[in-house]
Every structure is written in C-alpha cells, then in structure tokens.
Amino acid sequence: QVRLVESGGGLVQAGGSLRLSCAASGRSASSYGMGWFRQAPGKEREFVSGINWSGDTTYYADSVKGRFTISRDNAKNTLYLQMNSLSPEDTAVYYCAAKIDYCKGYGCYAQTFEYDYWGQGTQVTVPS
C-alpha cells in the first residue's frame with residue numbers, strides 16, 4: 001500500500017510559477033513510477049507528466065512541455081512538479097499517482113488505468 005499526499009497548490013497570476021509536491025509513504029514507494037494528472041471542471045482527468053522510478057526518464061504532455069518539470073527525490077519519497085509560465089488553461093485539480101513500474105514508455109505513463117494509487121489532489125487556480 002502506498003499513500004500519496006499532494007501539496008503546493010494555490011492561486012497564482014498568469015505567467016507565474018508554482019511547485020507541487022507529493023509525499024509518498026508505504027513499502028517500496030521509491031520503486032514506483034510516478035505521474036501527475038489534472039482535472040478541470042467538466043473535463044476528464046488528463047495526463048500532465050510522468051517519471052520512472054529512478055528519475056532518469058520523464059514524459060510530458062505537449063500542453064506543458066517546456067513549461068513544467070517533473071522530478072523526484074527518492075531519499076525523501078517525494079515527487080515534484082515545477083510549473084512555470086502558468087496560464088488560465090492550467091487551472092485544475094492536480095493529482096499525483098503511483099504505478100508499479102513494469103510498463104514503460106509514454107503510453108503506459110499517460111493512462112490513468114495504469115496507476116495503482118492516487119492522492120487526493122491539490123487545486124491550482126490561474127485567473128484569467
């Protein structure tokens with residue numbers, strides 16, 4: 001069992017930055033692949049970014065590529081998402097998720113059904 005707790009969301013003006021964190025606890029948490037997803041009101045949950053267990057392979061949705069950076073610190077069992085140049089289109093609840101890292105590649109990391117554990121989410125609001 002892995003427990004995930006997100007933090008760092010909030011209200012930020014367009015063009016600003018936020019860093020989300022996801023603290024993981026449980027057996028072998030550092031061995032899981034991790035991902036960030038987001039869900040805006042009335043929309044489906046969508047993939048934002050993913051990272052393998054060692055942190056040397058990352059994946060990004062086209063909509064955030066070049067603006068967001070995913071990273072992890074396995075010594076602290078913490079996942080991060082640095083978000084820069086935020087726009088109103090980034091407004092959503094952001095979720096972190098963990099997956100047993102047997103399925104690799106963008107397709108595996110981008111699908112919600114590949115993940116075994118989810119956090120409760122943190123709200124990010126960028127007013128227009």
# chains A, B, ... in the order shown; residues from 1 in each chain; ligands from 1
>>> select_by_dssp(residues="segment 3-107 of chain A", states="strand (DSSP E)", output="PyMOL selection string")
chain A and resi 3-7+10-11+18-26+32-39+46-51+58-60+68-73+78-83+92-100
>>> residues_around(residues="Leu18 of chain A", least_positions_apart="3", cutoff="10 Å", atoms="only C-alpha atoms", output="NGL selection string")
:A and (8-12 or 21 or 68 or 81-86 or 124)
>>> write_last_selection(atoms="N, CA and C atoms", output="mmCIF file, in the first residue's frame")
data_model
loop_
_atom_site.group_PDB
_atom_site.id
_atom_site.type_symbol
_atom_site.label_atom_id
_atom_site.label_comp_id
_atom_site.auth_asym_id
_atom_site.auth_seq_id
_atom_site.Cartn_x
_atom_site.Cartn_y
_atom_site.Cartn_z
ATOM 1 N N GLY A 8 1.087 22.276 -2.209
ATOM 2 C CA GLY A 8 1.717 23.303 -3.015
ATOM 3 C C GLY A 8 0.805 24.020 -3.985
ATOM 4 N N GLY A 9 -0.445 23.592 -4.073
ATOM 5 C CA GLY A 9 -1.365 24.281 -4.955
ATOM 6 C C GLY A 9 -1.739 25.638 -4.404
ATOM 7 N N GLY A 10 -2.443 26.422 -5.230
ATOM 8 C CA GLY A 10 -2.881 27.731 -4.790
ATOM 9 C C GLY A 10 -3.310 28.592 -5.939
ATOM 10 N N LEU A 11 -3.436 29.879 -5.639
ATOM 11 C CA LEU A 11 -3.835 30.878 -6.633
ATOM 12 C C LEU A 11 -2.586 31.611 -7.107
ATOM 13 N N VAL A 12 -2.402 31.679 -8.410
ATOM 14 C CA VAL A 12 -1.220 32.356 -8.960
ATOM 15 C C VAL A 12 -1.633 33.110 -10.217
ATOM 16 N N SER A 21 4.206 19.370 -4.661
ATOM 17 C CA SER A 21 4.923 18.255 -4.050
ATOM 18 C C SER A 21 3.941 17.127 -3.799
ATOM 19 N N PHE A 68 6.712 22.885 -17.659
ATOM 20 C CA PHE A 68 6.664 22.105 -16.423
ATOM 21 C C PHE A 68 7.862 21.157 -16.369
ATOM 22 N N LEU A 81 6.520 18.785 -9.058
ATOM 23 C CA LEU A 81 6.164 19.313 -10.373
ATOM 24 C C LEU A 81 6.390 20.818 -10.321
ATOM 25 N N GLN A 82 7.429 21.263 -10.984
ATOM 26 C CA GLN A 82 7.687 22.699 -11.097
ATOM 27 C C GLN A 82 6.919 23.221 -12.294
ATOM 28 N N MET A 83 6.048 24.191 -12.050
ATOM 29 C CA MET A 83 5.191 24.719 -13.105
ATOM 30 C C MET A 83 5.521 26.194 -13.322
ATOM 31 N N ASN A 84 5.964 26.524 -14.510
ATOM 32 C CA ASN A 84 6.307 27.898 -14.870
ATOM 33 C C ASN A 84 5.391 28.399 -15.986
ATOM 34 N N SER A 85 5.373 29.690 -16.166
ATOM 35 C CA SER A 85 4.583 30.316 -17.234
ATOM 36 C C SER A 85 3.146 29.820 -17.217
ATOM 37 N N LEU A 86 2.548 29.830 -16.050
ATOM 38 C CA LEU A 86 1.191 29.315 -15.900
ATOM 39 C C LEU A 86 0.176 30.198 -16.622
ATOM 40 N N VAL A 124 -5.051 24.110 -8.279
ATOM 41 C CA VAL A 124 -4.246 25.178 -8.871
ATOM 42 C C VAL A 124 -5.193 26.072 -9.652
#
>>> closest_atom_pairs(of="segment 67-101 of chain A", to="segment 55-60 of chain A", cutoff="12 Å", atoms="only C-alpha atoms", output="JSON lines")
{"residue": "A:Arg67", "atom": "CA", "partner": "A:Tyr60", "partner_atom": "CA", "distance": 9.9}
{"residue": "A:Phe68", "atom": "CA", "partner": "A:Tyr60", "partner_atom": "CA", "distance": 8.1}
{"residue": "A:Thr69", "atom": "CA", "partner": "A:Tyr60", "partner_atom": "CA", "distance": 8.4}
{"residue": "A:Ile70", "atom": "CA", "partner": "A:Thr58", "partner_atom": "CA", "distance": 7.2}
{"residue": "A:Ser71", "atom": "CA", "partner": "A:Gly55", "partner_atom": "CA", "distance": 6.6}
{"residue": "A:Arg72", "atom": "CA", "partner": "A:Gly55", "partner_atom": "CA", "distance": 6.3}
{"residue": "A:Asp73", "atom": "CA", "partner": "A:Gly55", "partner_atom": "CA", "distance": 8.3}
{"residue": "A:Asn74", "atom": "CA", "partner": "A:Gly55", "partner_atom": "CA", "distance": 8.7}
{"residue": "A:Ala75", "atom": "CA", "partner": "A:Gly55", "partner_atom": "CA", "distance": 12.0}
{"residue": "A:Asn77", "atom": "CA", "partner": "A:Gly55", "partner_atom": "CA", "distance": 11.9}
{"residue": "A:Thr78", "atom": "CA", "partner": "A:Gly55", "partner_atom": "CA", "distance": 11.4}
{"residue": "A:Leu79", "atom": "CA", "partner": "A:Gly55", "partner_atom": "CA", "distance": 9.8}
{"residue": "A:Tyr80", "atom": "CA", "partner": "A:Gly55", "partner_atom": "CA", "distance": 11.1}
{"residue": "A:Leu81", "atom": "CA", "partner": "A:Tyr60", "partner_atom": "CA", "distance": 11.1}
{"residue": "A:Asp101", "atom": "CA", "partner": "A:Gly55", "partner_atom": "CA", "distance": 11.8}
>>> write_last_selection(atoms="all heavy atoms", output="CSV table (one decimal), in the first residue's frame")
chain,number,residue,atom,x,y,z
A,67,ARG,N,7.4,24.0,-20.1
A,67,ARG,CA,7.0,24.9,-19.0
A,67,ARG,C,7.0,24.2,-17.7
A,67,ARG,O,7.3,24.8,-16.6
A,67,ARG,CB,5.5,25.4,-19.3
A,67,ARG,CG,5.4,26.2,-20.5
A,67,ARG,CD,4.0,26.8,-20.6
A,67,ARG,NE,2.9,25.8,-20.6
A,67,ARG,CZ,1.9,25.7,-19.7
A,67,ARG,NH1,1.9,26.6,-18.7
A,67,ARG,NH2,1.0,24.8,-19.8
A,68,PHE,N,6.7,22.9,-17.7
A,68,PHE,CA,6.7,22.1,-16.4
A,68,PHE,C,7.9,21.2,-16.4
A,68,PHE,O,8.3,20.7,-17.4
A,68,PHE,CB,5.4,21.3,-16.4
A,68,PHE,CG,4.1,22.1,-16.2
A,68,PHE,CD1,4.1,23.4,-16.3
A,68,PHE,CD2,2.9,21.4,-15.9
A,68,PHE,CE1,2.9,24.1,-16.1
A,68,PHE,CE2,1.7,22.1,-15.7
A,68,PHE,CZ,1.7,23.5,-15.9
A,69,THR,N,8.3,20.9,-15.2
A,69,THR,CA,9.4,20.0,-14.9
A,69,THR,C,9.1,19.0,-13.8
A,69,THR,O,8.8,19.5,-12.7
A,69,THR,CB,10.7,20.7,-14.6
A,69,THR,OG1,11.1,21.6,-15.7
A,69,THR,CG2,11.9,19.7,-14.5
A,70,ILE,N,9.1,17.7,-14.1
A,70,ILE,CA,8.9,16.7,-13.1
A,70,ILE,C,10.2,16.2,-12.5
A,70,ILE,O,11.2,16.1,-13.2
A,70,ILE,CB,8.0,15.6,-13.6
A,70,ILE,CG1,7.5,14.6,-12.5
A,70,ILE,CG2,8.8,14.8,-14.7
A,70,ILE,CD1,6.5,13.6,-13.0
A,71,SER,N,10.2,15.9,-11.2
A,71,SER,CA,11.4,15.4,-10.6
A,71,SER,C,11.0,14.6,-9.4
A,71,SER,O,9.9,14.7,-8.9
A,71,SER,CB,12.4,16.5,-10.2
A,71,SER,OG,11.9,17.4,-9.3
A,72,ARG,N,12.0,13.8,-8.8
A,72,ARG,CA,11.7,13.1,-7.6
A,72,ARG,C,12.9,13.0,-6.8
A,72,ARG,O,14.0,13.0,-7.3
A,72,ARG,CB,11.1,11.7,-8.0
A,72,ARG,CG,12.1,10.8,-8.6
A,72,ARG,CD,11.4,9.5,-9.2
A,72,ARG,NE,10.9,8.7,-8.0
A,72,ARG,CZ,10.0,7.7,-8.2
A,72,ARG,NH1,9.5,7.4,-9.5
A,72,ARG,NH2,9.6,7.0,-7.2
A,73,ASP,N,12.7,12.9,-5.5
A,73,ASP,CA,13.8,12.7,-4.5
A,73,ASP,C,13.5,11.4,-3.8
A,73,ASP,O,12.6,11.4,-2.8
A,73,ASP,CB,13.9,13.9,-3.6
A,73,ASP,CG,15.1,13.8,-2.6
A,73,ASP,OD1,15.6,12.7,-2.4
A,73,ASP,OD2,15.5,14.8,-2.1
A,74,ASN,N,14.1,10.3,-4.2
A,74,ASN,CA,13.7,9.0,-3.5
A,74,ASN,C,14.2,9.0,-2.1
A,74,ASN,O,13.6,8.2,-1.3
A,74,ASN,CB,14.3,7.9,-4.4
A,74,ASN,CG,13.5,7.6,-5.6
A,74,ASN,OD1,12.4,8.1,-5.8
A,74,ASN,ND2,14.1,6.9,-6.6
A,75,ALA,N,15.2,9.7,-1.7
A,75,ALA,CA,15.6,9.7,-0.3
A,75,ALA,C,14.5,10.3,0.6
A,75,ALA,O,14.4,10.0,1.7
A,75,ALA,CB,16.9,10.5,-0.2
A,77,ASN,N,11.3,10.3,-0.6
A,77,ASN,CA,10.0,9.8,-1.0
A,77,ASN,C,9.0,10.9,-1.5
A,77,ASN,O,7.9,10.9,-1.1
A,77,ASN,CB,9.3,8.9,0.0
A,77,ASN,CG,10.0,7.5,0.1
A,77,ASN,OD1,10.7,7.1,-0.8
A,77,ASN,ND2,9.7,6.9,1.2
A,78,THR,N,9.6,11.8,-2.3
A,78,THR,CA,8.8,13.0,-2.7
A,78,THR,C,8.9,13.2,-4.2
A,78,THR,O,10.0,13.1,-4.7
A,78,THR,CB,9.2,14.2,-1.9
A,78,THR,OG1,9.1,14.0,-0.5
A,78,THR,CG2,8.3,15.4,-2.3
A,79,LEU,N,7.8,13.5,-4.8
A,79,LEU,CA,7.6,13.8,-6.2
A,79,LEU,C,7.3,15.3,-6.3
A,79,LEU,O,6.6,15.8,-5.5
A,79,LEU,CB,6.5,13.0,-6.8
A,79,LEU,CG,6.1,13.3,-8.3
A,79,LEU,CD1,7.2,12.7,-9.2
A,79,LEU,CD2,4.8,12.7,-8.6
A,80,TYR,N,7.9,15.9,-7.3
A,80,TYR,CA,7.7,17.4,-7.5
A,80,TYR,C,7.2,17.7,-8.9
A,80,TYR,O,7.4,16.9,-9.9
A,80,TYR,CB,9.0,18.1,-7.3
A,80,TYR,CG,9.6,17.9,-6.0
A,80,TYR,CD1,10.7,17.0,-5.8
A,80,TYR,CD2,9.2,18.6,-4.9
A,80,TYR,CE1,11.3,16.8,-4.6
A,80,TYR,CE2,9.8,18.4,-3.6
A,80,TYR,CZ,10.8,17.5,-3.5
A,80,TYR,OH,11.4,17.3,-2.2
A,81,LEU,N,6.5,18.8,-9.1
A,81,LEU,CA,6.2,19.3,-10.4
A,81,LEU,C,6.4,20.8,-10.3
A,81,LEU,O,5.6,21.5,-9.7
A,81,LEU,CB,4.7,19.0,-10.8
A,81,LEU,CG,4.3,19.4,-12.2
A,81,LEU,CD1,5.1,18.6,-13.2
A,81,LEU,CD2,2.8,19.3,-12.4
A,101,ASP,N,6.2,-0.2,-11.7
A,101,ASP,CA,7.0,0.3,-12.9
A,101,ASP,C,7.4,-0.9,-13.8
A,101,ASP,O,8.6,-1.0,-14.2
A,101,ASP,CB,8.2,1.1,-12.4
A,101,ASP,CG,8.6,2.1,-13.5
A,101,ASP,OD1,7.8,2.3,-14.4
A,101,ASP,OD2,9.7,2.7,-13.3
>>> closest_residue(among="A:Arg27, A:Lys65, A:Lys76, A:Arg38", to="Ala92 of chain A", atoms="only C-alpha atoms")
A:Arg38
>>> closest_residue(among="A:Val48, A:Ala24, A:Ala98, A:Cys108", to="Ala61 of chain A", atoms="only C-alpha atoms")
A:Val48
>>> closest_residue(among="A:Ala97, A:Glu46, A:Arg19, A:Trp36", to="Ser7 of chain A", atoms="only C-alpha atoms")
A:Arg19
>>> residues_around(residues="Ser128 of chain A", least_positions_apart="3", cutoff="10 Å", atoms="only C-alpha atoms", output="list of chain:residue names")
A:Gln13, A:Ala14, A:Ser87, A:Pro88, A:Glu89, A:Thr91, A:Thr125
>>> atom_distance(atom1="atom CA of Trp53 of chain A", atom2="atom CA of Tyr115 of chain A")
13.3 Å
>>> select_by_dssp(residues="chain A", states="alpha helix (DSSP H)", output="list in words")
Tyr106, Gly107, Cys108 and Tyr109 of chain A
>>> residues_around(residues="Tyr95 of chain A", least_positions_apart="5", cutoff="10 Å", atoms="only C-alpha atoms", output="PyMOL selection string")
chain A and resi 4-7+20+22+35-39+45-48+118-123
>>> atom_distance(atom1="atom CA of Asn52 of chain A", atom2="atom CA of Gly15 of chain A")
28.6 Å
>>> atom_distance(atom1="atom CA of Tyr117 of chain A", atom2="atom CA of Pro41 of chain A")
21.8 Å
